[in-house]
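Undergrad: Starting off with a structure, shown below.
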Amino acid sequence: MTAWNSDDRTSWLASRVKSRSVADEVLRKIDALRERFDVAEYGQIDYGGERYPLLALKSRGWRDDLPVALVTGGVHGYETSGVQGALAFMASHGGDYTGKINILLAPCVSPWAYERVQRWNAEALDPNRSFTGQGGTQESAALIRLLAPYQGRVLLHIDLHETTDSDETEFRPAKAARDGVPFVPGEIPDGFYLCGDEKNPQLAFQSAVNLAVAEVTHIAPSDAKGEIIGSTVVAPGVILYDYKALGLCAGMTDARFTTTTEVYPDSPRATPEQCNAAQVAAVRAAIAFALAN
């Protein structure tokens, strides 16, 4: 098998079609929150002259003596509840933590991919494998710059994701083709789960988040091998990755408490509303645990 060349990448890019609007589904909702929270433009994404502002929401009355809770969504643009769940959390609960912790929320890290319902950016790169050094993509580099002044003060980072059927039918096969390697089929778990950091597992923290989410939607069981997506289950609904070695967004800080959520929106047992609510429940439980510990 042969890895993609420049013509293959050009062909792939030409086939990516917009199917939704960041302006309508993200920026409009951020605008509605400007009276309650500060909004910072931390960069722009520019692909072929098509520009997208990168916006973050911050606690009004930010205090430098308080720790920071970082919430990120839409690192993979096709994972809808990561974006909409982040915005829903801020709209409903972002003001609950005044005087306790600063909230910094970047709801749509990959706006180009959000509009095209894609995992990769326009360069056929996965932003969630590029949080290394200064950032290997426009998306990761901008977020790294945003966080630079707060390094050492981030107590919690929760990164909101989904695992979808399209991972198996579209994105993993495309990755294999791009890299010129055989595609090995896997198994998509039915339910919510978390990916913790194998270098800093914090299993009590992970379990507390899953306990809260279980009130909204079901937690994914392990498969016959005791795994979820090929990784050993270390606690109910919890697997571990080496965040920094993989260049994951959740490893971009040295926060004490870190987790990556994985909602399963294609489950017949979960509605889009439940998926968004699961992300909100996860963020709230993560902050509550961090503040209590």
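Lettering and numbering for the structure tokens are positional, with chains as A, B, ... in the shown order, residues counted from 1 in each chain, and ligands counted from 1 in the shown order.
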When DSSP is applied to the backbone of this structure, which of stretch 47-154 of chain A are assigned strand (DSSP E or B)? Write them out as a list in words.

TA: Tyr47, Glu50, Arg51, Tyr52, Pro53, Leu54, Leu55, Ala56, Leu57, Lys58, Val68, Ala69, Leu70, Val71, Thr72, Gly73, Asn102, Ile103, Leu104, Leu105, Ala106 and Val154 of chain A

Undergrad: Give me, as a tab-separated table, the closest atom pair and its distance (Å, one decimal) for every residue of stretch 96-139 of chain A within a cut-off of 12 Å of stretch 153-167 of chain A, counting only C-alpha atoms, rows sorted by chain and rising number.

TA:
```
residue	atom	partner	partner_atom	distance
A:Lys100	CA	A:Leu155	CA	11.8
A:Ile101	CA	A:Leu155	CA	9.0
A:Asn102	CA	A:Val154	CA	9.2
A:Ile103	CA	A:Leu156	CA	9.8
A:Leu104	CA	A:His157	CA	9.6
A:Leu105	CA	A:Ile158	CA	9.8
A:Ala106	CA	A:Asp159	CA	9.7
A:Pro107	CA	A:Leu160	CA	9.0
A:Cys108	CA	A:Leu160	CA	10.2
A:Val109	CA	A:Asp159	CA	10.5
A:Val117	CA	A:Ser166	CA	10.4
A:Gln118	CA	A:Ser166	CA	9.9
A:Arg119	CA	A:Asp167	CA	8.8
A:Trp120	CA	A:Asp167	CA	11.7
A:Asn128	CA	A:Asp159	CA	10.3
```

Undergrad: Go ahead and save the residues from that selection, with N, CA, C and O atoms, as an mmCIF file, in the first residue's frame.

TA:
```cif
data_model
loop_
_atom_site.group_PDB
_atom_site.id
_atom_site.type_symbol
_atom_site.label_atom_id
_atom_site.label_comp_id
_atom_site.auth_asym_id
_atom_site.auth_seq_id
_atom_site.Cartn_x
_atom_site.Cartn_y
_atom_site.Cartn_z
ATOM 1 N N LYS A 100 -14.645 30.814 43.193
ATOM 2 C CA LYS A 100 -14.154 29.467 43.488
ATOM 3 C C LYS A 100 -13.064 29.017 42.513
ATOM 4 O O LYS A 100 -12.037 28.477 42.916
ATOM 5 N N ILE A 101 -13.327 29.222 41.228
ATOM 6 C CA ILE A 101 -12.380 28.792 40.198
ATOM 7 C C ILE A 101 -12.673 29.592 38.938
ATOM 8 O O ILE A 101 -13.822 29.963 38.672
ATOM 9 N N ASN A 102 -11.649 29.908 38.176
ATOM 10 C CA ASN A 102 -11.822 30.581 36.890
ATOM 11 C C ASN A 102 -12.155 29.555 35.811
ATOM 12 O O ASN A 102 -11.488 28.516 35.723
ATOM 13 N N ILE A 103 -13.161 29.849 34.986
ATOM 14 C CA ILE A 103 -13.510 28.976 33.871
ATOM 15 C C ILE A 103 -12.944 29.564 32.585
ATOM 16 O O ILE A 103 -13.185 30.733 32.264
ATOM 17 N N LEU A 104 -12.204 28.758 31.847
ATOM 18 C CA LEU A 104 -11.715 29.113 30.514
ATOM 19 C C LEU A 104 -12.217 28.042 29.561
ATOM 20 O O LEU A 104 -11.858 26.868 29.701
ATOM 21 N N LEU A 105 -13.060 28.429 28.617
ATOM 22 C CA LEU A 105 -13.742 27.457 27.766
ATOM 23 C C LEU A 105 -13.529 27.793 26.299
ATOM 24 O O LEU A 105 -13.869 28.890 25.849
ATOM 25 N N ALA A 106 -12.930 26.873 25.563
ATOM 26 C CA ALA A 106 -12.745 26.990 24.116
ATOM 27 C C ALA A 106 -13.668 25.958 23.464
ATOM 28 O O ALA A 106 -13.334 24.779 23.389
ATOM 29 N N PRO A 107 -14.861 26.379 23.011
ATOM 30 C CA PRO A 107 -15.882 25.402 22.629
ATOM 31 C C PRO A 107 -15.723 24.775 21.259
ATOM 32 O O PRO A 107 -16.271 23.708 21.013
ATOM 33 N N CYS A 108 -14.993 25.445 20.358
ATOM 34 C CA CYS A 108 -14.901 24.914 18.991
ATOM 35 C C CYS A 108 -13.485 25.123 18.477
ATOM 36 O O CYS A 108 -13.195 26.060 17.735
ATOM 37 N N VAL A 109 -12.605 24.219 18.867
ATOM 38 C CA VAL A 109 -11.185 24.339 18.556
ATOM 39 C C VAL A 109 -10.924 24.191 17.059
ATOM 40 O O VAL A 109 -10.004 24.807 16.518
ATOM 41 N N VAL A 117 -18.005 18.429 9.222
ATOM 42 C CA VAL A 117 -18.228 17.207 9.999
ATOM 43 C C VAL A 117 -17.057 16.238 9.789
ATOM 44 O O VAL A 117 -17.219 15.084 9.419
ATOM 45 N N GLN A 118 -15.853 16.764 10.048
ATOM 46 C CA GLN A 118 -14.623 16.022 9.810
ATOM 47 C C GLN A 118 -13.793 15.879 11.073
ATOM 48 O O GLN A 118 -13.845 16.726 11.969
ATOM 49 N N ARG A 119 -13.005 14.831 11.113
ATOM 50 C CA ARG A 119 -12.049 14.616 12.208
ATOM 51 C C ARG A 119 -10.783 15.444 11.978
ATOM 52 O O ARG A 119 -10.212 15.990 12.925
ATOM 53 N N TRP A 120 -10.333 15.502 10.734
ATOM 54 C CA TRP A 120 -9.090 16.172 10.392
ATOM 55 C C TRP A 120 -9.323 17.638 10.069
ATOM 56 O O TRP A 120 -10.452 18.071 9.834
ATOM 57 N N ASN A 128 -5.930 16.487 17.262
ATOM 58 C CA ASN A 128 -5.760 15.855 18.566
ATOM 59 C C ASN A 128 -4.583 14.891 18.617
ATOM 60 O O ASN A 128 -4.493 14.057 19.504
#
```

Undergrad: Please indicate the distance in Å from atom CA of A:Cys249 to atom CA of A:Glu35, rounded to one decimal place.

TA: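 Pair atom CA of A:Cys249 / atom CA of A:Glu35 returns 28.7 Å.
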
Undergrad: Go through stretch 51-105 of chain A residue by residue and, counting only C-alpha atoms, keep those with an atom at most 6 Å from stretch 266-287 of chain A; for each kept residue give the shortest atom pair and its distance in Å to one decimal, ordered by chain and increasing number, as a tab-separated table.

TA:
```
residue	atom	partner	partner_atom	distance
A:Ser81	CA	A:Asn276	CA	5.0
A:Gly85	CA	A:Asn276	CA	4.3
A:Phe89	CA	A:Val280	CA	5.0
```

Undergrad: Just the alpha helix (DSSP H) stuff from stretch 41-161 of chain A, please, per backbone DSSP, written as a ChimeraX atom specification.

TA: /A:80-93,111-116,138-147

Undergrad: If we count only C-alpha atoms and set the cut-off at 7 Å, which residues sit around stretch 37-49 of chain A, ignoring sequence neighbours fewer than 6 positions away in its own chain? Please answer as JSON, numbers by chain.

TA: {"A": [55, 56, 57, 58, 59, 60, 122, 138, 139, 142, 146]}

Undergrad: Let's have the selection written as a PDB file, in the first residue's frame, with N, CA and C atoms.

TA:
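Once everything was written out, this is selection-v2.pdb:
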```pdb
ATOM      1  N   LEU A  55     -12.598  31.583  19.305  1.00  0.00           N
ATOM      2  CA  LEU A  55     -13.101  32.320  20.452  1.00  0.00           C
ATOM      3  C   LEU A  55     -13.118  31.461  21.705  1.00  0.00           C
ATOM      4  N   ALA A  56     -12.791  32.085  22.815  1.00  0.00           N
ATOM      5  CA  ALA A  56     -12.854  31.434  24.118  1.00  0.00           C
ATOM      6  C   ALA A  56     -13.702  32.284  25.051  1.00  0.00           C
ATOM      7  N   LEU A  57     -14.413  31.641  25.939  1.00  0.00           N
ATOM      8  CA  LEU A  57     -15.206  32.304  26.971  1.00  0.00           C
ATOM      9  C   LEU A  57     -14.472  32.212  28.304  1.00  0.00           C
ATOM     10  N   LYS A  58     -14.479  33.319  29.051  1.00  0.00           N
ATOM     11  CA  LYS A  58     -13.782  33.379  30.340  1.00  0.00           C
ATOM     12  C   LYS A  58     -14.730  33.890  31.412  1.00  0.00           C
ATOM     13  N   SER A  59     -14.504  33.445  32.624  1.00  0.00           N
ATOM     14  CA  SER A  59     -15.281  33.926  33.754  1.00  0.00           C
ATOM     15  C   SER A  59     -15.227  35.446  33.835  1.00  0.00           C
ATOM     16  N   ARG A  60     -16.376  36.066  34.049  1.00  0.00           N
ATOM     17  CA  ARG A  60     -16.402  37.502  34.327  1.00  0.00           C
ATOM     18  C   ARG A  60     -15.884  37.716  35.753  1.00  0.00           C
ATOM     19  N   ALA A 122      -8.016  20.928   7.360  1.00  0.00           N
ATOM     20  CA  ALA A 122      -7.940  21.007   5.898  1.00  0.00           C
ATOM     21  C   ALA A 122      -6.641  20.445   5.337  1.00  0.00           C
ATOM     22  N   GLN A 138      -2.585  24.542  12.962  1.00  0.00           N
ATOM     23  CA  GLN A 138      -3.058  25.881  13.329  1.00  0.00           C
ATOM     24  C   GLN A 138      -3.925  25.815  14.583  1.00  0.00           C
ATOM     25  N   GLU A 139      -4.762  24.785  14.657  1.00  0.00           N
ATOM     26  CA  GLU A 139      -5.707  24.672  15.767  1.00  0.00           C
ATOM     27  C   GLU A 139      -4.986  24.480  17.095  1.00  0.00           C
ATOM     28  N   ALA A 142      -2.712  27.635  18.193  1.00  0.00           N
ATOM     29  CA  ALA A 142      -3.476  28.763  18.736  1.00  0.00           C
ATOM     30  C   ALA A 142      -3.899  28.489  20.174  1.00  0.00           C
ATOM     31  N   LEU A 146      -2.980  30.459  23.708  1.00  0.00           N
ATOM     32  CA  LEU A 146      -3.992  30.933  24.653  1.00  0.00           C
ATOM     33  C   LEU A 146      -3.658  30.506  26.071  1.00  0.00           C
TER      34      LEU A 146
END
```

Undergrad: Name the residues in contact with A:Ala91 at a cut-off of 9 Å, using only C-alpha atoms, excluding same-chain residues fewer than 3 positions from it; report them as number ranges by chain.

TA: A: 29, 32-33, 36, 86-88, 94-95

Undergrad: Need to verify the contact set: A:Asp8, 12 Å, only C-alpha atoms, exclusion of same-chain residues closer than 3 positions in sequence. Can you return it as a PDB file with C-alpha atoms, in the first residue's frame?

TA:
```
ATOM      1  CA  THR A   2       1.128   3.540  -0.750  1.00  0.00           C
ATOM      2  CA  ALA A   3       0.602   6.581   1.463  1.00  0.00           C
ATOM      3  CA  TRP A   4      -1.234   9.560   0.039  1.00  0.00           C
ATOM      4  CA  ASN A   5       0.700  11.969  -2.140  1.00  0.00           C
ATOM      5  CA  SER A  11      -8.588  15.321  -4.003  1.00  0.00           C
ATOM      6  CA  TRP A  12      -9.624  14.604  -0.420  1.00  0.00           C
ATOM      7  CA  LEU A  13      -9.816  18.318   0.381  1.00  0.00           C
ATOM      8  CA  ALA A  14     -11.918  19.047  -2.701  1.00  0.00           C
ATOM      9  CA  SER A  15     -14.430  16.432  -1.598  1.00  0.00           C
ATOM     10  CA  GLU A 123      -4.393  19.617   5.763  1.00  0.00           C
ATOM     11  CA  ALA A 124      -5.691  16.084   6.518  1.00  0.00           C
ATOM     12  CA  ALA A 174      -9.238   7.070   5.668  1.00  0.00           C
ATOM     13  CA  ALA A 177      -5.318   4.897   3.355  1.00  0.00           C
ATOM     14  CA  ARG A 178      -3.592   8.233   4.047  1.00  0.00           C
ATOM     15  CA  ASP A 179      -0.720   6.501   5.850  1.00  0.00           C
ATOM     16  CA  GLY A 180      -0.465   3.586   3.419  1.00  0.00           C
TER      17      GLY A 180
END
```

Undergrad: Any idea what the distance is between atom CA of A:Asp65 and atom CA of A:Leu143?

TA: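 Computing it gives 22.2 Å between the two atoms.
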
Undergrad: Which of these residues is nearest to A:Pro265, using only C-alpha atoms: A:Tyr243, A:Trp62, A:Phe171, A:Tyr78?

TA: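 Distance minimum relative to A:Pro265 lands on A:Tyr78.
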
Undergrad: How far is it from atom CA of A:Arg129 to atom CA of A:Glu168, in Å with one decimal?

TA: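 Result for atom CA of A:Arg129 versus atom CA of A:Glu168: 18.1 Å, one decimal.
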
Undergrad: Pick the closest to A:Ala220 from A:Thr261, A:Asn121, A:Gln134, A:Ser6: which is it, counting only C-alpha atoms?

TA: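 Going through A:Thr261, A:Asn121, A:Gln134, A:Ser6 one by one, the smallest distance to A:Ala220 is for A:Thr261.
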
Undergrad: Using only C-alpha atoms, which residues sit within 12 Å of A:Arg20 once same-chain residues fewer than 3 positions away are excluded, as a PDB file with N, CA, C and O atoms, in the first residue's frame?

TA:
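Saved the output as result-v7.pdb:
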```pdb
ATOM      1  N   VAL A  17     -17.236  18.953   1.970  1.00  0.00           N
ATOM      2  CA  VAL A  17     -18.320  19.901   1.686  1.00  0.00           C
ATOM      3  C   VAL A  17     -18.911  20.412   2.996  1.00  0.00           C
ATOM      4  O   VAL A  17     -19.156  19.644   3.927  1.00  0.00           O
ATOM      5  N   ALA A  23     -20.931  30.041  12.155  1.00  0.00           N
ATOM      6  CA  ALA A  23     -21.532  31.329  12.492  1.00  0.00           C
ATOM      7  C   ALA A  23     -22.888  31.145  13.159  1.00  0.00           C
ATOM      8  O   ALA A  23     -23.196  31.792  14.167  1.00  0.00           O
ATOM      9  N   ASP A  24     -23.704  30.240  12.612  1.00  0.00           N
ATOM     10  CA  ASP A  24     -25.055  30.042  13.143  1.00  0.00           C
ATOM     11  C   ASP A  24     -25.072  29.199  14.412  1.00  0.00           C
ATOM     12  O   ASP A  24     -25.832  29.487  15.340  1.00  0.00           O
ATOM     13  N   GLU A  25     -24.242  28.163  14.466  1.00  0.00           N
ATOM     14  CA  GLU A  25     -24.350  27.177  15.539  1.00  0.00           C
ATOM     15  C   GLU A  25     -23.377  27.403  16.690  1.00  0.00           C
ATOM     16  O   GLU A  25     -23.575  26.833  17.771  1.00  0.00           O
ATOM     17  N   VAL A  26     -22.359  28.214  16.461  1.00  0.00           N
ATOM     18  CA  VAL A  26     -21.354  28.441  17.515  1.00  0.00           C
ATOM     19  C   VAL A  26     -21.229  29.927  17.841  1.00  0.00           C
ATOM     20  O   VAL A  26     -21.466  30.344  18.976  1.00  0.00           O
ATOM     21  N   GLY A  77     -13.807  18.257  14.803  1.00  0.00           N
ATOM     22  CA  GLY A  77     -14.969  19.041  14.433  1.00  0.00           C
ATOM     23  C   GLY A  77     -16.260  18.262  14.268  1.00  0.00           C
ATOM     24  O   GLY A  77     -17.347  18.817  14.427  1.00  0.00           O
ATOM     25  N   TYR A  78     -16.157  16.975  13.967  1.00  0.00           N
ATOM     26  CA  TYR A  78     -17.370  16.198  13.731  1.00  0.00           C
ATOM     27  C   TYR A  78     -18.039  15.739  15.018  1.00  0.00           C
ATOM     28  O   TYR A  78     -19.160  15.218  14.987  1.00  0.00           O
ATOM     29  N   THR A  80     -20.069  16.520  17.619  1.00  0.00           N
ATOM     30  CA  THR A  80     -20.976  17.648  17.821  1.00  0.00           C
ATOM     31  C   THR A  80     -21.215  17.980  19.282  1.00  0.00           C
ATOM     32  O   THR A  80     -21.204  19.149  19.680  1.00  0.00           O
ATOM     33  N   PRO A 111     -12.941  24.849  13.865  1.00  0.00           N
ATOM     34  CA  PRO A 111     -14.161  25.300  13.193  1.00  0.00           C
ATOM     35  C   PRO A 111     -14.284  24.859  11.734  1.00  0.00           C
ATOM     36  O   PRO A 111     -15.397  24.587  11.265  1.00  0.00           O
ATOM     37  N   TRP A 112     -13.165  24.799  11.009  1.00  0.00           N
ATOM     38  CA  TRP A 112     -13.230  24.310   9.628  1.00  0.00           C
ATOM     39  C   TRP A 112     -13.791  22.900   9.605  1.00  0.00           C
ATOM     40  O   TRP A 112     -14.675  22.578   8.806  1.00  0.00           O
ATOM     41  N   ALA A 113     -13.303  22.052  10.486  1.00  0.00           N
ATOM     42  CA  ALA A 113     -13.762  20.663  10.536  1.00  0.00           C
ATOM     43  C   ALA A 113     -15.195  20.568  11.057  1.00  0.00           C
ATOM     44  O   ALA A 113     -15.943  19.668  10.649  1.00  0.00           O
ATOM     45  N   TYR A 114     -15.595  21.477  11.946  1.00  0.00           N
ATOM     46  CA  TYR A 114     -16.973  21.463  12.440  1.00  0.00           C
ATOM     47  C   TYR A 114     -17.944  21.641  11.285  1.00  0.00           C
ATOM     48  O   TYR A 114     -18.947  20.919  11.185  1.00  0.00           O
ATOM     49  N   GLU A 115     -17.667  22.589  10.406  1.00  0.00           N
ATOM     50  CA  GLU A 115     -18.597  22.846   9.304  1.00  0.00           C
ATOM     51  C   GLU A 115     -18.675  21.679   8.334  1.00  0.00           C
ATOM     52  O   GLU A 115     -19.710  21.466   7.687  1.00  0.00           O
ATOM     53  N   ARG A 116     -17.624  20.915   8.234  1.00  0.00           N
ATOM     54  CA  ARG A 116     -17.578  19.813   7.264  1.00  0.00           C
ATOM     55  C   ARG A 116     -17.752  18.441   7.922  1.00  0.00           C
ATOM     56  O   ARG A 116     -17.669  17.419   7.251  1.00  0.00           O
ATOM     57  N   VAL A 117     -18.005  18.429   9.222  1.00  0.00           N
ATOM     58  CA  VAL A 117     -18.228  17.207   9.999  1.00  0.00           C
ATOM     59  C   VAL A 117     -17.057  16.238   9.789  1.00  0.00           C
ATOM     60  O   VAL A 117     -17.219  15.084   9.419  1.00  0.00           O
ATOM     61  N   GLN A 118     -15.853  16.764  10.048  1.00  0.00           N
ATOM     62  CA  GLN A 118     -14.623  16.022   9.810  1.00  0.00           C
ATOM     63  C   GLN A 118     -13.793  15.879  11.073  1.00  0.00           C
ATOM     64  O   GLN A 118     -13.845  16.726  11.969  1.00  0.00           O
TER      65      GLN A 118
END
```

Undergrad: In terms of the shortest atom-to-atom distance over only C-alpha atoms, which of A:Ser110, A:Thr260, A:Ser207, A:Thr169 is closest to A:Ala141?

TA: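 Among A:Ser110, A:Thr260, A:Ser207, A:Thr169, it is A:Ser110 that comes nearest to A:Ala141.
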
Undergrad: Give the answer as one residue: which of A:Asp126, A:Leu66, A:Glu187, A:Val22 has the shortest atom-to-atom distance to A:Lys225, using only C-alpha atoms?

TA: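 Under the stated criterion, the closest residue is A:Glu187.
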